[in-house]
Structures are given as C-alpha cells and as structure tokens.
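Below is coords.csv, holding CSV, C-alpha atoms.
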chain,number,residue,atom,x,y,z
A,1,MET,CA,23.0,-19.0,-16.1
A,2,SER,CA,20.8,-16.1,-15.0
A,3,THR,CA,17.6,-15.2,-16.8
A,4,PRO,CA,15.1,-12.4,-16.1
A,5,LEU,CA,12.4,-15.0,-15.1
A,6,GLY,CA,14.9,-16.9,-12.9
A,7,ASP,CA,16.0,-13.7,-11.2
A,8,LEU,CA,12.3,-12.7,-10.5
A,9,LEU,CA,11.5,-16.1,-9.1
A,10,ARG,CA,14.5,-16.1,-6.8
A,11,HIS,CA,13.6,-12.6,-5.7
A,12,TRP,CA,10.1,-13.7,-4.7
A,13,ARG,CA,11.4,-16.8,-3.0
A,14,ARG,CA,13.7,-14.7,-0.9
A,15,VAL,CA,10.8,-12.3,-0.1
A,16,ARG,CA,8.7,-15.3,1.1
A,17,ARG,CA,11.6,-17.0,2.7
A,18,MET,CA,11.0,-20.2,0.7
A,19,SER,CA,13.6,-22.7,-0.6
A,20,GLN,CA,13.2,-24.2,-4.0
A,21,LEU,CA,12.1,-27.5,-2.3
A,22,ALA,CA,9.5,-25.7,-0.1
A,23,LEU,CA,8.1,-23.7,-3.0
A,24,ALA,CA,7.9,-26.8,-5.3
A,25,HIS,CA,6.1,-28.7,-2.5
A,26,HIS,CA,3.7,-25.8,-1.9
A,27,ALA,CA,2.9,-25.3,-5.6
A,28,GLN,CA,2.9,-29.0,-6.3
A,29,VAL,CA,5.4,-28.8,-9.1
A,30,SER,CA,8.6,-30.7,-9.8
A,31,PRO,CA,11.6,-29.4,-7.8
A,32,ARG,CA,13.9,-30.4,-10.7
A,33,HIS,CA,11.8,-28.4,-13.1
A,34,LEU,CA,11.8,-25.4,-10.8
A,35,SER,CA,15.6,-25.6,-10.6
A,36,PHE,CA,15.9,-25.8,-14.3
A,37,VAL,CA,13.6,-22.8,-14.9
A,38,GLU,CA,15.5,-20.6,-12.4
A,39,SER,CA,18.8,-21.5,-14.0
A,40,GLY,CA,17.5,-20.9,-17.5
A,41,ARG,CA,17.7,-24.5,-18.7
A,42,SER,CA,14.0,-25.0,-19.1
A,43,THR,CA,11.2,-22.8,-20.5
A,44,PRO,CA,8.0,-23.0,-18.4
A,45,SER,CA,4.4,-22.8,-19.6
A,46,ARG,CA,2.2,-19.9,-19.0
A,47,GLU,CA,0.0,-22.0,-16.6
A,48,TRP,CA,3.1,-23.1,-14.7
A,49,ILE,CA,4.2,-19.5,-14.1
A,50,MET,CA,0.7,-18.6,-12.9
A,51,THR,CA,0.8,-21.5,-10.5
A,52,LEU,CA,4.1,-20.4,-9.0
A,53,ALA,CA,2.9,-16.8,-8.8
A,54,GLY,CA,-0.1,-17.9,-6.8
A,55,ALA,CA,2.0,-20.0,-4.5
A,56,LEU,CA,4.3,-17.0,-3.9
A,57,GLN,CA,1.4,-14.6,-3.5
A,58,VAL,CA,2.9,-12.3,-6.1
A,59,PRO,CA,0.8,-9.1,-6.7
A,60,LEU,CA,-1.0,-8.9,-10.0
A,61,ARG,CA,1.3,-6.2,-11.4
A,62,GLU,CA,4.3,-8.3,-10.7
A,63,ARG,CA,2.6,-11.4,-12.1
A,64,ASN,CA,2.5,-9.6,-15.4
A,65,ASP,CA,6.3,-9.0,-15.0
A,66,LEU,CA,6.8,-12.7,-14.5
A,67,LEU,CA,4.9,-13.5,-17.7
A,68,LEU,CA,6.7,-10.9,-19.7
A,69,ALA,CA,10.0,-12.2,-18.5
A,70,ALA,CA,9.1,-15.6,-19.9
A,71,GLY,CA,7.9,-14.1,-23.2
A,72,TYR,CA,4.2,-14.3,-22.6
A,73,ALA,CA,1.5,-11.6,-22.8
A,74,PRO,CA,0.4,-10.0,-19.5
A,75,ALA,CA,-2.7,-11.6,-17.9
A,76,TYR,CA,-4.0,-8.7,-15.9
A,77,ARG,CA,-5.1,-5.3,-17.1
A,78,GLU,CA,-4.7,-2.0,-15.3
A,79,SER,CA,-7.9,0.0,-15.9
A,80,ALA,CA,-8.3,3.7,-15.4
A,81,ILE,CA,-10.3,4.4,-12.2
A,82,ALA,CA,-12.6,6.7,-14.2
A,83,GLY,CA,-13.1,4.1,-17.0
A,84,PRO,CA,-16.2,1.9,-17.5
A,85,ALA,CA,-14.5,-1.3,-16.4
A,86,MET,CA,-14.1,0.2,-12.9
A,87,ALA,CA,-17.7,1.6,-12.6
A,88,THR,CA,-18.8,-0.8,-9.9
A,89,VAL,CA,-15.7,-0.4,-7.9
A,90,ARG,CA,-15.9,3.4,-8.3
A,91,ALA,CA,-19.5,3.4,-7.1
A,92,ALA,CA,-18.5,1.3,-4.0
A,93,LEU,CA,-15.7,3.8,-3.3
A,94,ASP,CA,-18.1,6.8,-3.6
A,95,ARG,CA,-20.5,5.0,-1.3
A,96,ALA,CA,-17.9,4.2,1.3
A,97,LEU,CA,-16.6,7.8,1.4
A,98,ALA,CA,-20.1,9.3,1.7
A,99,HIS,CA,-21.3,6.8,4.4
A,100,HIS,CA,-18.3,7.6,6.5
A,101,GLU,CA,-19.2,11.3,6.9
A,102,PRO,CA,-19.1,13.2,9.2
A,103,TYR,CA,-15.6,11.8,9.7
A,104,PRO,CA,-12.7,11.9,7.2
A,105,ALA,CA,-12.0,9.2,4.7
A,106,VAL,CA,-9.6,9.0,1.7
A,107,VAL,CA,-8.8,6.6,-1.2
A,108,MET,CA,-5.1,6.0,-1.9
A,109,ASP,CA,-3.3,4.0,-4.6
A,110,ARG,CA,-0.4,1.6,-4.1
A,111,HIS,CA,2.1,4.5,-3.6
A,112,TRP,CA,0.0,6.5,-1.1
A,113,ASN,CA,-1.2,9.0,-3.6
A,114,LEU,CA,-4.6,10.4,-2.9
A,115,THR,CA,-7.2,9.6,-5.6
A,116,GLN,CA,-10.4,10.6,-3.7
A,117,VAL,CA,-11.3,12.3,-0.5
A,118,ASN,CA,-14.7,12.9,1.2
A,119,ARG,CA,-15.8,16.3,2.2
A,120,PRO,CA,-14.7,16.1,5.9
A,121,ALA,CA,-11.2,15.0,4.7
A,122,GLU,CA,-11.0,17.9,2.2
A,123,VAL,CA,-12.0,20.4,4.9
A,124,MET,CA,-9.6,18.9,7.5
A,125,PHE,CA,-6.7,19.0,5.1
A,126,GLY,CA,-7.6,22.5,4.0
A,127,PHE,CA,-7.6,23.7,7.6
A,128,LEU,CA,-4.3,22.1,8.5
A,129,ARG,CA,-2.5,23.0,5.3
A,130,GLY,CA,-4.1,26.4,4.6
A,131,SER,CA,-5.4,24.9,1.3
A,132,PRO,CA,-6.9,21.5,0.3
A,133,PRO,CA,-4.5,19.0,-1.4
A,134,ALA,CA,-5.0,18.4,-5.1
A,135,THR,CA,-6.1,14.7,-5.1
A,136,ALA,CA,-4.4,14.1,-8.5
A,137,SER,CA,-0.9,14.8,-7.0
A,138,ALA,CA,-1.0,14.8,-3.2
A,139,ASN,CA,1.0,12.0,-1.5
A,140,VAL,CA,0.1,11.1,2.0
A,141,ILE,CA,3.6,10.2,3.0
A,142,ARG,CA,5.0,13.5,1.7
A,143,LEU,CA,2.2,15.4,3.4
A,144,MET,CA,2.9,13.7,6.7
A,145,PHE,CA,6.7,14.0,6.7
A,146,ASP,CA,7.1,17.4,5.0
A,147,PRO,CA,7.8,20.1,7.7
A,148,ARG,CA,5.9,22.6,5.4
A,149,GLU,CA,2.8,20.4,5.3
A,150,LEU,CA,1.1,18.3,8.0
A,151,ARG,CA,4.0,17.3,10.2
A,152,PRO,CA,4.1,20.5,12.3
A,153,HIS,CA,0.4,19.9,13.2
A,154,VAL,CA,0.9,16.3,14.4
A,155,SER,CA,1.3,16.8,18.2
A,156,ASN,CA,2.3,13.1,18.8
A,157,TRP,CA,4.8,12.9,15.9
A,158,ASP,CA,7.3,10.8,17.9
A,159,GLU,CA,4.8,8.0,17.9
A,160,VAL,CA,3.1,8.5,14.6
A,161,GLY,CA,6.3,8.9,12.4
A,162,PRO,CA,7.8,5.5,13.2
A,163,ALA,CA,4.4,3.8,13.1
A,164,LEU,CA,3.8,5.3,9.6
A,165,ILE,CA,7.0,3.8,8.3
A,166,GLN,CA,6.0,0.4,9.7
A,167,ARG,CA,2.7,0.8,7.9
A,168,VAL,CA,4.4,1.6,4.6
A,169,HIS,CA,6.2,-1.8,4.8
A,170,ARG,CA,3.3,-3.7,6.3
A,171,GLU,CA,0.6,-2.5,3.8
A,172,ALA,CA,2.8,-2.7,0.7
A,173,VAL,CA,1.0,-4.8,-1.9
A,174,GLY,CA,2.4,-8.3,-1.7
A,175,GLY,CA,4.1,-7.4,1.6
A,176,VAL,CA,7.2,-5.8,0.1
A,177,PRO,CA,7.7,-2.2,-1.0
A,178,ASP,CA,8.2,-1.9,-4.7
A,179,ALA,CA,10.8,0.4,-6.4
A,180,ILE,CA,8.6,3.5,-6.3
A,181,THR,CA,7.8,3.1,-2.7
A,182,ARG,CA,11.4,2.5,-1.8
A,183,ALA,CA,12.3,5.7,-3.7
A,184,LEU,CA,9.6,7.5,-1.7
A,185,LEU,CA,11.2,6.3,1.6
A,186,GLU,CA,14.7,7.4,0.3
A,187,GLU,CA,13.3,10.8,-0.5
A,188,ILE,CA,11.9,11.5,3.0
A,189,LEU,CA,14.1,9.6,5.3
A,190,PRO,CA,17.8,9.2,6.1
A,191,PRO,CA,19.3,5.7,5.2
A,192,ASP,CA,19.2,4.4,8.8
A,193,ARG,CA,15.4,4.9,9.2
A,194,ARG,CA,14.0,3.6,5.9
A,195,GLY,CA,13.4,0.1,7.2
A,196,PRO,CA,10.6,-0.9,9.7
A,197,ASP,CA,11.6,-0.6,13.4
A,198,ARG,CA,11.1,-4.2,14.5
A,199,THR,CA,12.0,-3.4,18.1
A,200,ALA,CA,9.1,-0.9,18.5
A,201,PRO,CA,6.3,-2.1,20.8
A,202,LEU,CA,3.1,-3.1,19.0
A,203,LEU,CA,0.2,-1.2,20.4
A,204,PRO,CA,-3.5,-1.9,19.6
A,205,VAL,CA,-3.7,1.4,17.8
A,206,ILE,CA,-1.6,4.6,17.5
A,207,PRO,CA,-4.0,7.5,16.9
A,208,VAL,CA,-2.7,10.6,15.1
A,209,THR,CA,-3.4,13.8,16.9
A,210,PHE,CA,-3.7,17.0,14.7
A,211,ALA,CA,-3.5,20.3,16.6
A,212,LYS,CA,-3.8,23.8,15.1
A,213,ASP,CA,-5.2,27.2,16.3
A,214,GLY,CA,-6.5,25.7,19.6
A,215,LEU,CA,-8.2,22.8,17.9
A,216,SER,CA,-7.1,19.2,18.7
A,217,VAL,CA,-8.5,16.1,17.1
A,218,SER,CA,-7.3,12.5,17.4
A,219,TYR,CA,-8.1,9.7,15.0
A,220,PHE,CA,-7.2,6.1,14.4
A,221,SER,CA,-7.8,4.6,11.0
A,222,MET,CA,-9.1,1.4,9.4
A,223,ILE,CA,-8.1,0.2,5.9
A,224,THR,CA,-10.4,-1.4,3.4
A,225,THR,CA,-9.3,-3.1,0.2
A,226,VAL,CA,-11.1,-4.7,-2.7
A,227,GLY,CA,-11.7,-8.4,-2.2
A,228,THR,CA,-10.6,-11.0,-4.9
A,229,PRO,CA,-9.4,-8.3,-7.4
A,230,GLN,CA,-8.6,-9.3,-11.0
A,231,ASP,CA,-7.5,-5.9,-12.1
A,232,ILE,CA,-4.3,-4.2,-11.0
A,233,THR,CA,-6.0,-0.9,-10.2
A,234,ALA,CA,-8.6,-2.6,-8.1
A,235,GLN,CA,-6.0,-4.6,-6.1
A,236,GLU,CA,-3.9,-1.5,-5.4
A,237,LEU,CA,-6.7,0.8,-4.1
A,238,ARG,CA,-7.2,1.3,-0.4
A,239,VAL,CA,-9.8,3.2,1.6
A,240,GLU,CA,-8.5,4.7,4.8
A,241,SER,CA,-11.4,5.7,7.2
A,242,PHE,CA,-10.6,7.9,10.2
A,243,TYR,CA,-12.4,7.2,13.4
A,244,PRO,CA,-12.5,9.4,16.5
A,245,ALA,CA,-10.2,8.3,19.3
A,246,ASP,CA,-11.8,10.4,22.0
A,247,GLN,CA,-15.2,12.1,22.7
A,248,ALA,CA,-14.0,15.6,21.8
A,249,THR,CA,-13.1,14.4,18.3
A,250,GLU,CA,-16.3,12.4,18.0
A,251,ARG,CA,-18.2,15.7,18.6
A,252,HIS,CA,-16.2,17.7,16.1
A,253,ARG,CA,-17.6,18.4,12.6
A,254,TRP,CA,-15.5,19.5,9.7
A,255,ALA,CA,-18.0,21.9,8.1
Starting from the coordinates I provided, produce the structure as structure tokens.
Amino acid sequence: MSTPLGDLLRHWRRVRRMSQLALAHHAQVSPRHLSFVESGRSTPSREWIMTLAGALQVPLRERNDLLLAAGYAPAYRESAIAGPAMATVRAALDRALAHHEPYPAVVMDRHWNLTQVNRPAEVMFGFLRGSPPATASANVIRLMFDPRELRPHVSNWDEVGPALIQRVHREAVGGVPDAITRALLEEILPPDRRGPDRTAPLLPVIPVTFAKDGLSVSYFSMITTVGTPQDITAQELRVESFYPADQATERHRWA
C-alpha cells in the first residue's frame, strides 16, 4: 500500500540515495519498522518522524509536510520577515547589507525572490534596467534570463548562464529544487537545459560582468545563510554579497 507519508519518505531516500537499511542504520531505528511505515502497515510517532527527517536532512518546510502526512501538527513556524519574531534576524540582515557598501548586496528567499537590497545594488539594478526592481516582486533568475532585463548587459553570458543553473540546483534548500523552483526553471529554459550541467568544468569562481554605456564591472559573489535556523523563513533566507573581481570594479562606486 502507498500512503502520503510513505511516498514522502521514499522520495527523500531517493534524493539522498539511501536504501531502507542504510537509513535505518543512520537514524538508529528498526529497519523492519521503517519498512512497515513506508508500506502503510505501521503508524510512527511524532518523535520517530523527526528522527528520520533529521537523518535525511529534510528542510524545515518539508519536515512539516512529513508530520502533516502522518496526521500530526507542524513543528516549525513560518514567520513574516517584518514580524517581531524575526527582529534579530532582520537586524542582522540590515547590518550585513549596510556593512557591505560600497559594493552591492541583496537578500533572497528560497525561490530567488529579492526581499532586500542595499543602496549600491539598488543603483546598479536601476542603471542596468533603466529602473530599480521592486523588491517585493523581482526574481533574480527571471531578471538574469529575461532578454528584456539584465541578460543583454551580461557580457560573459555563455559562462554565467550555465553556472547560474548549477547554482539553482546546488543552493536549493535541502539540495533539491522544490516544485516552485522547478516551475521557475521550466518557465525560463527549454526541457534539455533545466538540469545541472555535470560535464561543465568547475572553476574557483565565475564572475558576472555587467556592461552598459561604456561601463564594465565584474563581480563574484559569496552566500551567507542563517546558522541553526528553527524557523522556515530564517532557513530559506540568503544574503548574496558581490565582491569586485578586478581593480576597475573595486574603484567603481554606485552613487
């Protein structure tokens, strides 16, 4: 028999490439009990599900899905970034963006939507696009791949485009793109290019070079995430800080 919980456990075992026996050994649970839960012949406890979720490194949002599939209440909340519960995280984000000036830095959610930008990033996007992006709706992947947006101004697109797709897969929360991220890839790419290119050479960094109206700047980026998050919103936030890849970019100021 197939059950929602059994289907989800099998999905995450496939993602992590673990057999029932390997997962049972890693989580220190009974292989027989795991087999019975996946087949719907046994109902696990809430604690047992959380143990399996930890062993499978399931993201917090999807851990709630496992609990709901078994008939339990979710364990993790999803707080509004502007709410009081996220005040300390929000202050840290504000500090990170401000301290990174005079270079651009942005905050993104799980699906590459911009939630915050510092002043240099706002000016840079405004210069390249003709108007700054609305942080409530702008999506970095759409901005980069849309021929009406940033793509015409990326002079090394042949390198940056494939590398960005690899990043989407590599930086997905839990290491696997969720349904919304997969839909985003389907929207911007033909079917044969939606997966990561595993034959591409791995370089130390691939900077993105923006060029417009005689100005050329080149940046590589570093990603910062929240350590030991216990809130879905906190786990899914990422700060991308852009660093100059050459001396000309280091001297440039977005004013």
Margin query: Between atom CA of A:Met18 and atom CA of A:Leu56, what distance in Å does the model show, to one decimal?
Written below: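 Going from atom CA of A:Met18 over to atom CA of A:Leu56, I get 8.7 Å.
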Item checked: Contacts of stretch 211-215 of chain A within 10 Å, only C-alpha atoms, excl. fewer than 4 positions in-chain, as a list in words ->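 My list of contacting residues is Phe127, Leu128, Arg129, Leu150, Pro152, His153, Val154, Ser155, Asn156, Thr249 and His252 of chain A.
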How would the residues just chosen look if you wrote them out with C-alpha atoms as an mmCIF file, in the coordinates of the input?
data_model
loop_
_atom_site.group_PDB
_atom_site.id
_atom_site.type_symbol
_atom_site.label_atom_id
_atom_site.label_comp_id
_atom_site.auth_asym_id
_atom_site.auth_seq_id
_atom_site.Cartn_x
_atom_site.Cartn_y
_atom_site.Cartn_z
ATOM 1 C CA PHE A 127 -7.600 23.700 7.600
ATOM 2 C CA LEU A 128 -4.300 22.100 8.500
ATOM 3 C CA ARG A 129 -2.500 23.000 5.300
ATOM 4 C CA LEU A 150 1.100 18.300 8.000
ATOM 5 C CA PRO A 152 4.100 20.500 12.300
ATOM 6 C CA HIS A 153 0.400 19.900 13.200
ATOM 7 C CA VAL A 154 0.900 16.300 14.400
ATOM 8 C CA SER A 155 1.300 16.800 18.200
ATOM 9 C CA ASN A 156 2.300 13.100 18.800
ATOM 10 C CA THR A 249 -13.100 14.400 18.300
ATOM 11 C CA HIS A 252 -16.200 17.700 16.100
#
Note to self: For a test of reading the model, state the distance in Å between atom CA of A:Gln116 and atom CA of A:Glu101, rounded to one decimal.
What the structure shows: 13.8 Å
Item checked: Distance in Å - atom CA of A:Leu60 versus atom CA of A:Tyr76 -> 6.6 Å
Check: Quick one: of A:Asn64, A:Ala96, A:Ala53, A:Gln166, who's nearest to A:Arg77, counting only C-alpha atoms?
Finding: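 Going through A:Asn64, A:Ala96, A:Ala53, A:Gln166 one by one, the smallest distance to A:Arg77 is for A:Asn64.
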Margin query: If we count all atoms listed in the file and set the cut-off at 6 Å, which residues sit around stretch 170-183 of chain A, ignoring sequence neighbours fewer than 4 positions away in its own chain? Please answer as JSON, numbers by chain.
Written below: {"A": [58, 59, 111, 166]}
Notebook entry, point to check: Of the candidates A:Ser79, A:Asn113, A:Leu93, A:Leu52, which one gets nearest to A:Leu143 if we count all atoms listed in the file?
Noted result: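 So, comparing all the options, the nearest one is A:Asn113.
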Item checked: Nearest residue to A:Val106 from the set A:Leu67, A:Ile232, A:Met222, A:Asp246 (distances using only C-alpha atoms) ->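 The shortest atom-to-atom distance to A:Val106 comes from A:Met222.
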Residues near A:Pro104, anyone? I mean within 6 Å using only C-alpha atoms, not counting same-chain ones fewer than 2 positions away, as a PDB file with C-alpha atoms, in the coordinates of the input.
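Output contents, as saved in part24.pdb:
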ATOM      1  CA  PRO A 120     -14.700  16.100   5.900  1.00  0.00           C
ATOM      2  CA  ALA A 121     -11.200  15.000   4.700  1.00  0.00           C
ATOM      3  CA  PHE A 242     -10.600   7.900  10.200  1.00  0.00           C
TER       4      PHE A 242
END
Checklist line | Best match for closeness to A:Arg16 among A:Val140, A:Leu114, A:Ile165, A:Gln57, counting all atoms listed in the file | finding: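 Looking at the shortest contact to A:Arg16, the residue is A:Gln57.
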Next item on the list: Identify which of the residues A:Ile49, A:Ala22, A:Ala248, A:Ala234 lies closest to A:Val37, counting only C-alpha atoms when measuring atom-to-atom distances.
Entry: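 Nearest to A:Val37: A:Ile49.
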Note to self: Could you check the closest approach to A:Ala255 for each of A:Val117, A:Ile141, A:Val123, A:Leu66 and tell me which residue wins, using all atoms listed in the file?
What the structure shows: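 With all atoms listed in the file as the atom set, the closest residue is A:Val123.
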Once N, CA, C and O atoms are restored for stretch 174-188 of chain A, what would the output be as a JSON list (two decimals), in the frame of the given file?
[["chain", "number", "residue", "atom", "x", "y", "z"],
["A", 174, "GLY", "N", 1.53, -7.11, -1.64],
["A", 174, "GLY", "CA", 2.40, -8.30, -1.70],
["A", 174, "GLY", "C", 3.35, -8.34, -0.49],
["A", 174, "GLY", "O", 4.16, -9.27, -0.39],
["A", 175, "GLY", "N", 3.25, -7.36, 0.42],
["A", 175, "GLY", "CA", 4.10, -7.40, 1.60],
["A", 175, "GLY", "C", 5.49, -6.92, 1.47],
["A", 175, "GLY", "O", 6.29, -7.04, 2.39],
["A", 176, "VAL", "N", 5.82, -6.35, 0.33],
["A", 176, "VAL", "CA", 7.20, -5.80, 0.10],
["A", 176, "VAL", "C", 7.09, -4.54, -0.68],
["A", 176, "VAL", "O", 6.42, -4.50, -1.72],
["A", 177, "PRO", "N", 7.71, -3.44, -0.23],
["A", 177, "PRO", "CA", 7.70, -2.20, -1.00],
["A", 177, "PRO", "C", 8.31, -2.34, -2.36],
["A", 177, "PRO", "O", 9.38, -2.94, -2.50],
["A", 178, "ASP", "N", 7.65, -1.80, -3.39],
["A", 178, "ASP", "CA", 8.20, -1.90, -4.70],
["A", 178, "ASP", "C", 9.20, -0.71, -4.92],
["A", 178, "ASP", "O", 9.48, 0.06, -3.99],
["A", 179, "ALA", "N", 9.74, -0.60, -6.13],
["A", 179, "ALA", "CA", 10.80, 0.40, -6.40],
["A", 179, "ALA", "C", 10.32, 1.81, -6.14],
["A", 179, "ALA", "O", 11.06, 2.64, -5.59],
["A", 180, "ILE", "N", 9.09, 2.13, -6.53],
["A", 180, "ILE", "CA", 8.60, 3.50, -6.30],
["A", 180, "ILE", "C", 8.40, 3.81, -4.87],
["A", 180, "ILE", "O", 8.73, 4.91, -4.40],
["A", 181, "THR", "N", 7.91, 2.84, -4.10],
["A", 181, "THR", "CA", 7.80, 3.10, -2.70],
["A", 181, "THR", "C", 9.11, 3.19, -1.98],
["A", 181, "THR", "O", 9.28, 4.03, -1.08],
["A", 182, "ARG", "N", 10.07, 2.38, -2.38],
["A", 182, "ARG", "CA", 11.40, 2.50, -1.80],
["A", 182, "ARG", "C", 12.02, 3.88, -2.13],
["A", 182, "ARG", "O", 12.68, 4.50, -1.28],
["A", 183, "ALA", "N", 11.80, 4.37, -3.35],
["A", 183, "ALA", "CA", 12.30, 5.70, -3.70],
["A", 183, "ALA", "C", 11.62, 6.77, -2.87],
["A", 183, "ALA", "O", 12.26, 7.76, -2.49],
["A", 184, "LEU", "N", 10.35, 6.58, -2.56],
["A", 184, "LEU", "CA", 9.60, 7.50, -1.70],
["A", 184, "LEU", "C", 10.25, 7.57, -0.31],
["A", 184, "LEU", "O", 10.46, 8.65, 0.27],
["A", 185, "LEU", "N", 10.57, 6.40, 0.25],
["A", 185, "LEU", "CA", 11.20, 6.30, 1.60],
["A", 185, "LEU", "C", 12.60, 6.99, 1.52],
["A", 185, "LEU", "O", 13.01, 7.67, 2.46],
["A", 186, "GLU", "N", 13.33, 6.77, 0.43],
["A", 186, "GLU", "CA", 14.70, 7.40, 0.30],
["A", 186, "GLU", "C", 14.55, 8.90, 0.23],
["A", 186, "GLU", "O", 15.44, 9.62, 0.70],
["A", 187, "GLU", "N", 13.47, 9.38, -0.35],
["A", 187, "GLU", "CA", 13.30, 10.80, -0.50],
["A", 187, "GLU", "C", 13.03, 11.51, 0.86],
["A", 187, "GLU", "O", 13.52, 12.62, 1.10],
["A", 188, "ILE", "N", 12.30, 10.85, 1.75],
["A", 188, "ILE", "CA", 11.90, 11.50, 3.00],
["A", 188, "ILE", "C", 12.65, 11.15, 4.21],
["A", 188, "ILE", "O", 12.56, 11.83, 5.23]]
